[in-house]
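Trainee: You'll find structure_32.pdb just under this line, and it carries PDB, C-alpha atoms.
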```pdb
ATOM      1  CA  MET A   1       0.000   0.000   0.000
ATOM      2  CA  GLY A   2       0.994   3.627  -0.493
ATOM      3  CA  ASN A   3       1.132   6.516   1.949
ATOM      4  CA  ARG A   4      -0.990   6.125   5.056
ATOM      5  CA  ILE A   5      -3.671   8.794   5.476
ATOM      6  CA  CYS A   6      -5.846   9.696   8.454
ATOM      7  CA  LEU A   7      -9.319  10.985   7.497
ATOM      8  CA  VAL A   8     -11.467  12.651  10.164
ATOM      9  CA  GLU A   9     -14.986  13.440   8.939
ATOM     10  CA  ASP A  10     -18.242  13.142  10.875
ATOM     11  CA  ASP A  11     -20.475  12.902   7.787
ATOM     12  CA  PRO A  12     -20.574   9.134   7.073
ATOM     13  CA  THR A  13     -21.403   9.618   3.381
ATOM     14  CA  ILE A  14     -18.452  11.944   2.752
ATOM     15  CA  ARG A  15     -16.175   9.822   4.928
ATOM     16  CA  GLU A  16     -16.995   6.666   2.991
ATOM     17  CA  LEU A  17     -16.716   8.341  -0.422
ATOM     18  CA  VAL A  18     -13.380  10.032   0.279
ATOM     19  CA  SER A  19     -11.955   6.850   1.819
ATOM     20  CA  GLU A  20     -13.021   4.817  -1.202
ATOM     21  CA  LYS A  21     -11.437   7.235  -3.697
ATOM     22  CA  LEU A  22      -8.176   7.457  -1.735
ATOM     23  CA  ILE A  23      -7.914   3.678  -1.465
ATOM     24  CA  LYS A  24      -8.509   3.326  -5.210
ATOM     25  CA  LYS A  25      -5.574   5.708  -5.703
ATOM     26  CA  GLY A  26      -3.375   3.336  -3.730
ATOM     27  CA  TYR A  27      -3.373   5.050  -0.336
ATOM     28  CA  SER A  28      -3.938   3.304   2.977
ATOM     29  CA  VAL A  29      -6.733   5.070   4.886
ATOM     30  CA  ASP A  30      -7.843   5.078   8.527
ATOM     31  CA  SER A  31     -11.078   7.029   9.013
ATOM     32  CA  PHE A  32     -12.632   8.474  12.162
ATOM     33  CA  GLU A  33     -15.501  10.774  13.093
ATOM     34  CA  ARG A  34     -14.066  12.373  16.242
ATOM     35  CA  ALA A  35     -10.833  14.153  17.095
ATOM     36  CA  GLU A  36     -10.539  12.097  20.271
ATOM     37  CA  ASP A  37     -10.278   8.898  18.212
ATOM     38  CA  VAL A  38      -7.239  10.316  16.412
ATOM     39  CA  LYS A  39      -5.513  11.370  19.618
ATOM     40  CA  ASN A  40      -5.945   7.842  20.966
ATOM     41  CA  ASN A  41      -4.385   6.302  17.848
ATOM     42  CA  LYS A  42      -1.764   8.875  16.857
ATOM     43  CA  ASP A  43       1.072   6.326  16.745
ATOM     44  CA  LEU A  44      -0.251   4.515  13.665
ATOM     45  CA  GLY A  45       2.248   6.180  11.348
ATOM     46  CA  TRP A  46       0.036   8.509   9.329
ATOM     47  CA  GLU A  47       1.788  10.608   6.678
ATOM     48  CA  LEU A  48      -1.060  13.045   5.951
ATOM     49  CA  TYR A  49      -4.245  14.173   7.690
ATOM     50  CA  ILE A  50      -7.551  15.239   6.140
ATOM     51  CA  LEU A  51      -9.660  16.993   8.768
ATOM     52  CA  ASP A  52     -13.213  18.291   8.632
ATOM     53  CA  VAL A  53     -13.694  21.468  10.680
ATOM     54  CA  MET A  54     -16.995  20.555  12.325
ATOM     55  CA  LEU A  55     -16.559  17.207  14.079
ATOM     56  CA  ALA A  56     -18.553  15.096  16.480
ATOM     57  CA  GLY A  57     -17.159  15.131  20.004
ATOM     58  CA  GLU A  58     -15.497  17.838  22.040
ATOM     59  CA  SER A  59     -12.780  19.100  19.657
ATOM     60  CA  SER A  60     -13.083  20.745  16.250
ATOM     61  CA  GLY A  61     -10.895  19.985  13.257
ATOM     62  CA  LEU A  62      -9.008  23.249  13.821
ATOM     63  CA  GLU A  63      -8.277  22.320  17.421
ATOM     64  CA  LEU A  64      -7.098  18.887  16.285
ATOM     65  CA  CYS A  65      -4.914  20.503  13.616
ATOM     66  CA  ASP A  66      -3.253  22.736  16.206
ATOM     67  CA  TYR A  67      -2.677  19.726  18.486
ATOM     68  CA  LEU A  68      -1.143  17.584  15.724
ATOM     69  CA  LYS A  69       1.174  20.317  14.437
ATOM     70  CA  LYS A  70       2.645  20.760  17.903
ATOM     71  CA  ILE A  71       3.524  17.054  17.987
ATOM     72  CA  GLU A  72       4.982  16.756  14.474
ATOM     73  CA  PRO A  73       5.156  20.051  12.541
ATOM     74  CA  THR A  74       6.127  18.523   9.179
ATOM     75  CA  LEU A  75       3.067  16.285   8.815
ATOM     76  CA  PRO A  76       0.831  17.763   6.076
ATOM     77  CA  ILE A  77      -2.762  18.583   7.002
ATOM     78  CA  LEU A  78      -5.626  19.298   4.602
ATOM     79  CA  ILE A  79      -8.691  21.005   6.089
ATOM     80  CA  LEU A  80     -12.152  20.312   4.654
ATOM     81  CA  SER A  81     -14.907  22.797   5.478
ATOM     82  CA  ALA A  82     -18.230  24.190   4.369
ATOM     83  CA  LEU A  83     -16.935  27.575   5.586
ATOM     84  CA  SER A  84     -15.586  29.334   2.506
ATOM     85  CA  GLU A  85     -14.944  32.944   3.528
ATOM     86  CA  PRO A  86     -11.313  34.163   3.353
ATOM     87  CA  HIS A  87     -11.132  34.619   7.123
ATOM     88  CA  ASP A  88     -12.199  30.985   7.590
ATOM     89  CA  ARG A  89      -9.294  29.785   5.439
ATOM     90  CA  ILE A  90      -6.935  32.138   7.256
ATOM     91  CA  GLU A  91      -7.992  30.643  10.602
ATOM     92  CA  GLY A  92      -7.172  27.197   9.256
ATOM     93  CA  LEU A  93      -3.747  28.290   8.065
ATOM     94  CA  LYS A  94      -3.031  30.029  11.367
ATOM     95  CA  VAL A  95      -3.316  26.738  13.259
ATOM     96  CA  GLY A  96      -0.918  25.041  10.847
ATOM     97  CA  ALA A  97      -3.053  23.619   8.036
ATOM     98  CA  ASP A  98      -1.079  23.156   4.829
ATOM     99  CA  ASP A  99      -4.114  23.450   2.570
ATOM    100  CA  TYR A 100      -7.825  24.257   2.824
ATOM    101  CA  LEU A 101     -10.554  22.839   0.585
ATOM    102  CA  THR A 102     -14.141  24.056   0.792
ATOM    103  CA  LYS A 103     -17.238  21.865   0.444
ATOM    104  CA  PRO A 104     -18.649  20.889  -1.931
ATOM    105  CA  PHE A 105     -15.442  19.901  -3.709
ATOM    106  CA  GLU A 106     -14.489  17.899  -6.753
ATOM    107  CA  MET A 107     -12.943  14.582  -5.778
ATOM    108  CA  GLU A 108     -10.247  14.950  -8.432
ATOM    109  CA  GLU A 109      -9.167  18.245  -6.863
ATOM    110  CA  LEU A 110      -8.884  16.628  -3.438
ATOM    111  CA  LEU A 111      -6.764  13.815  -4.885
ATOM    112  CA  LEU A 112      -4.478  16.288  -6.663
ATOM    113  CA  ARG A 113      -4.010  18.322  -3.501
ATOM    114  CA  VAL A 114      -3.189  15.214  -1.479
ATOM    115  CA  GLU A 115      -0.629  14.173  -4.085
ATOM    116  CA  GLY A 116       0.952  17.633  -4.101
ATOM    117  CA  MET A 117       1.169  17.829  -0.304
ATOM    118  CA  LEU A 118       2.889  14.448  -0.081
ATOM    119  CA  LYS A 119       5.352  15.467  -2.793
ATOM    120  CA  ARG A 120       6.243  18.673  -0.934
ATOM    121  CA  ARG A 121       6.767  16.747   2.287
ATOM    122  CA  SER A 122       8.985  14.259   0.462
ATOM    123  CA  TRP A 123      10.958  17.147  -1.069
ATOM    124  CA  TYR A 124      11.514  18.763   2.328
ATOM    125  CA  SER A 125      12.500  15.436   3.936
ATOM    126  CA  SER A 126      15.056  14.745   1.198
ATOM    127  CA  LEU A 127      17.501  17.363   2.516
ATOM    128  CA  PRO A 128      21.009  15.859   2.425
ATOM    129  CA  ALA A 129      22.428  14.892   5.806
ATOM    130  CA  ASN A 130      25.207  17.474   5.575
ATOM    131  CA  LEU A 131      22.589  20.198   5.127
ATOM    132  CA  SER A 132      20.382  19.282   8.077
ATOM    133  CA  ILE A 133      22.034  22.390   9.498
ATOM    134  CA  PHE A 134      22.951  25.066   6.963
ATOM    135  CA  GLU A 135      25.503  27.650   8.140
ATOM    136  CA  TRP A 136      26.758  30.913   6.695
ATOM    137  CA  ASP A 137      28.648  33.780   8.340
ATOM    138  CA  ASP A 138      27.268  33.965  11.904
ATOM    139  CA  CYS A 139      23.891  32.466  10.911
ATOM    140  CA  SER A 140      22.460  28.953  10.669
ATOM    141  CA  VAL A 141      19.187  27.109  10.036
ATOM    142  CA  ASP A 142      18.425  23.725  11.574
ATOM    143  CA  PHE A 143      15.920  22.132   9.176
ATOM    144  CA  VAL A 144      15.184  19.269  11.577
ATOM    145  CA  LYS A 145      14.591  21.252  14.777
ATOM    146  CA  PHE A 146      12.987  24.238  12.960
ATOM    147  CA  GLU A 147      15.455  26.631  14.557
ATOM    148  CA  GLY A 148      17.447  29.604  13.355
ATOM    149  CA  ARG A 149      20.527  31.243  14.823
ATOM    150  CA  LYS A 150      22.156  34.613  14.343
ATOM    151  CA  GLY A 151      25.187  35.194  16.507
ATOM    152  CA  ASN A 152      24.285  33.908  19.947
ATOM    153  CA  ASP A 153      20.531  34.265  19.444
ATOM    154  CA  VAL A 154      18.598  31.042  18.775
ATOM    155  CA  PHE A 155      14.930  31.237  17.744
ATOM    156  CA  SER A 156      12.128  29.054  16.409
ATOM    157  CA  LEU A 157      11.156  28.999  12.736
ATOM    158  CA  SER A 158       7.844  27.914  11.262
ATOM    159  CA  GLN A 159       7.567  25.018   8.841
ATOM    160  CA  LYS A 160       6.932  27.379   5.915
ATOM    161  CA  GLU A 161       9.902  29.555   6.866
ATOM    162  CA  CYS A 162      12.141  26.485   6.854
ATOM    163  CA  MET A 163      10.697  25.254   3.551
ATOM    164  CA  LEU A 164      11.286  28.659   1.947
ATOM    165  CA  MET A 165      14.821  28.752   3.337
ATOM    166  CA  LYS A 166      15.490  25.250   1.991
ATOM    167  CA  LEU A 167      14.361  26.274  -1.496
ATOM    168  CA  LEU A 168      16.528  29.399  -1.466
ATOM    169  CA  VAL A 169      19.542  27.413  -0.240
ATOM    170  CA  GLU A 170      19.077  24.790  -2.946
ATOM    171  CA  LYS A 171      18.884  27.605  -5.509
ATOM    172  CA  GLU A 172      21.737  29.618  -4.016
ATOM    173  CA  ASN A 173      22.917  32.394  -6.381
ATOM    174  CA  GLN A 174      19.925  31.749  -8.657
ATOM    175  CA  VAL A 175      16.785  33.833  -9.084
ATOM    176  CA  VAL A 176      13.709  32.073  -7.690
ATOM    177  CA  THR A 177      10.370  33.420  -8.911
ATOM    178  CA  ARG A 178       7.405  34.021  -6.650
ATOM    179  CA  ASP A 179       5.395  31.460  -8.619
ATOM    180  CA  GLU A 180       8.104  28.836  -8.077
ATOM    181  CA  ILE A 181       8.116  29.594  -4.361
ATOM    182  CA  LEU A 182       4.329  29.369  -4.114
ATOM    183  CA  ASN A 183       4.262  26.082  -5.989
ATOM    184  CA  GLN A 184       7.078  24.438  -4.051
ATOM    185  CA  VAL A 185       6.416  25.745  -0.545
ATOM    186  CA  TRP A 186       2.648  26.240  -0.479
ATOM    187  CA  GLY A 187       1.150  24.620  -3.551
ATOM    188  CA  TYR A 188      -2.092  26.557  -3.330
ATOM    189  CA  ASP A 189      -3.795  27.513  -6.564
ATOM    190  CA  VAL A 190      -5.639  30.502  -5.065
ATOM    191  CA  PHE A 191      -4.321  31.273  -1.592
ATOM    192  CA  PRO A 192      -1.905  32.630  -0.533
ATOM    193  CA  SER A 193      -0.865  35.296  -3.032
ATOM    194  CA  SER A 194       2.559  36.438  -4.149
ATOM    195  CA  ARG A 195       2.285  39.075  -1.424
ATOM    196  CA  THR A 196       2.581  36.246   1.097
ATOM    197  CA  VAL A 197       5.962  35.336  -0.392
ATOM    198  CA  ASP A 198       7.118  38.945   0.020
ATOM    199  CA  ASN A 199       6.052  38.903   3.666
ATOM    200  CA  PHE A 200       7.970  35.693   4.338
ATOM    201  CA  ILE A 201      11.111  37.124   2.724
ATOM    202  CA  VAL A 202      10.762  40.121   5.053
ATOM    203  CA  ARG A 203      10.641  37.696   7.992
ATOM    204  CA  LEU A 204      13.837  35.952   6.892
ATOM    205  CA  ARG A 205      15.556  39.319   6.523
ATOM    206  CA  ARG A 206      14.536  40.243  10.053
ATOM    207  CA  TYR A 207      15.889  36.962  11.382
ATOM    208  CA  PHE A 208      19.180  36.797   9.487
ATOM    209  CA  ASP A 209      19.769  40.013   7.560
ATOM    210  CA  ASN A 210      19.368  43.786   7.551
ATOM    211  CA  PRO A 211      15.822  44.550   6.300
ATOM    212  CA  GLY A 212      16.806  48.082   5.281
ATOM    213  CA  ASN A 213      19.896  46.986   3.365
ATOM    214  CA  PRO A 214      19.718  43.230   2.699
ATOM    215  CA  LYS A 215      23.004  41.389   2.376
ATOM    216  CA  TYR A 216      21.792  37.815   1.778
ATOM    217  CA  PHE A 217      18.149  37.958   0.601
ATOM    218  CA  HIS A 218      18.004  40.047  -2.568
ATOM    219  CA  SER A 219      14.947  41.299  -4.457
ATOM    220  CA  ILE A 220      15.379  40.985  -8.210
ATOM    221  CA  ARG A 221      12.987  43.491  -9.763
ATOM    222  CA  GLY A 222      10.372  41.871 -11.983
ATOM    223  CA  ALA A 223      11.788  38.389 -11.372
ATOM    224  CA  GLY A 224      11.815  37.203  -7.768
ATOM    225  CA  TYR A 225      14.423  36.646  -5.077
ATOM    226  CA  LYS A 226      18.003  35.424  -4.791
ATOM    227  CA  PHE A 227      19.883  34.111  -1.754
ATOM    228  CA  THR A 228      23.668  34.601  -1.604
ATOM    229  CA  LYS A 229      25.441  33.388   1.522
ATOM    230  CA  ARG A 230      28.552  35.457   0.735
ATOM    231  CA  GLY A 231      26.471  38.594   0.723
ATOM    232  CA  VAL A 232      27.015  39.574  -2.923
ATOM    233  CA  LEU A 233      24.758  39.586  -5.993
TER
END
```
Output the file's structure in the form of structure tokens.

Mentor:
Amino acid sequence: MGNRICLVEDDPTIRELVSEKLIKKGYSVDSFERAEDVKNNKDLGWELYILDVMLAGESSGLELCDYLKKIEPTLPILILSALSEPHDRIEGLKVGADDYLTKPFEMEELLLRVEGMLKRRSWYSSLPANLSIFEWDDCSVDFVKFEGRKGNDVFSLSQKECMLMKLLVEKENQVVTRDEILNQVWGYDVFPSSRTVDNFIVRLRRYFDNPGNPKYFHSIRGAGYKFTKRGVL
């Protein structure tokens, strides 16, 4: 069997249909209707979660998402919800969801998103052993612990910050377009926008660089961004 997926959906019709389609695609699926069931079985080796927002039981899908991301930040989570307003999607992303799909949805779209999320996780996990910690000047990024360091200051990084840093490191001295960043790090077709990429670059500059006069993270007008660890274009 292929990747093992945990599906949490309290609508039995949707749960059965999604499970059936995923299994036909070659995935192994464990399905539940309550968040509590997942917490009691979290050691089953799932590689991706699909969570409905409104669940039976005491915890919502968003609460479960927040709980799971604190245990293993790199596990991809897809939120399913009938709530389609932008602020609803933003709430899902704030608690660590990697993607957000509104109901009703096309099954083919769900399958494509699952495939893309697993590919991105595989890409991030494929970092060579000698780059588990990337160092330059007085800075470093630990891609396993999700930590950054500048001088003597050590701080936490989010999963997306580490994924963006990994892409820039792999493409060192090359221009990386916003579209390439969105596709590789986020994979969303609608949200977030290229403005999100700009905001994340600003974060990296604040962590490791001089935002007013960047040395490592360069904006290339009309093209994208370039990382140079020696501080030159």

Trainee: Out of A:Tyr27, A:Tyr124, A:Phe217, A:Phe208, which residue has the shortest atom-to-atom distance to Lys150 of chain A when counting only C-alpha atoms?

Mentor: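 Closest candidate: A:Phe208.
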
Trainee: Env of Glu180 of chain A: 12 Å cut, atoms = all atoms listed in the file, seq-sep filter 4 positions within chain, self excluded. Answer as a list in words.

Mentor: Leu164, Leu167, Leu168, Lys171, Val175, Val176, Gln184, Val185, Trp186, Gly187, Tyr188, Ser194, Val197, Ala223, Gly224 and Tyr225 of chain A

Trainee: Please define a box with edges along x, y and z of the file around all atoms of segment 206-225 of chain A given in the file, extend it by 5 Å on each side, and return its centre and edge lengths in Å to one decimal, as lines of an AutoDock Vina configuration file.

Mentor:
```
center_x = 16.7
center_y = 42.4
center_z = -0.3
size_x = 22.6
size_y = 21.4
size_z = 33.4
```

Trainee: At what distance in Å, to one decimal, does atom CA of Asp138 of chain A lie from atom CA of Asp153 of chain A?

Mentor: 10.1 Å

Trainee: Segment 25-48 of chain A near segment 54-57 of chain A within 8 Å: what's each residue's closest atom pair and its distance in Å to one decimal, counting all atoms listed in the file, ordered by chain then ascending residue number, as a Markdown table?

Mentor:
```
| residue | atom | partner | partner_atom | distance |
| --- | --- | --- | --- | --- |
| A:Glu33 | CA | A:Ala56 | CA | 6.3 |
| A:Arg34 | CA | A:Ala56 | CA | 5.3 |
| A:Ala35 | CA | A:Gly57 | CA | 7.0 |
| A:Glu36 | CA | A:Gly57 | CA | 7.3 |
```

Trainee: For the file shown, what are the residues hit by the PyMOL selection byres ((chain A and resi 1-6) around 10), laid out as a list in words?

Mentor: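 This file gives the following for the PyMOL selection byres ((chain A and resi 1-6) around 10): Leu7, Val8, Glu9, Ser19, Leu22, Ile23, Lys25, Gly26, Tyr27, Ser28, Val29, Asp30, Ser31, Phe32, Val38, Lys42, Leu44, Gly45, Trp46, Glu47, Leu48, Tyr49, Ile50, Leu51, Ile77, Val114, Glu115 and Leu118 of chain A.
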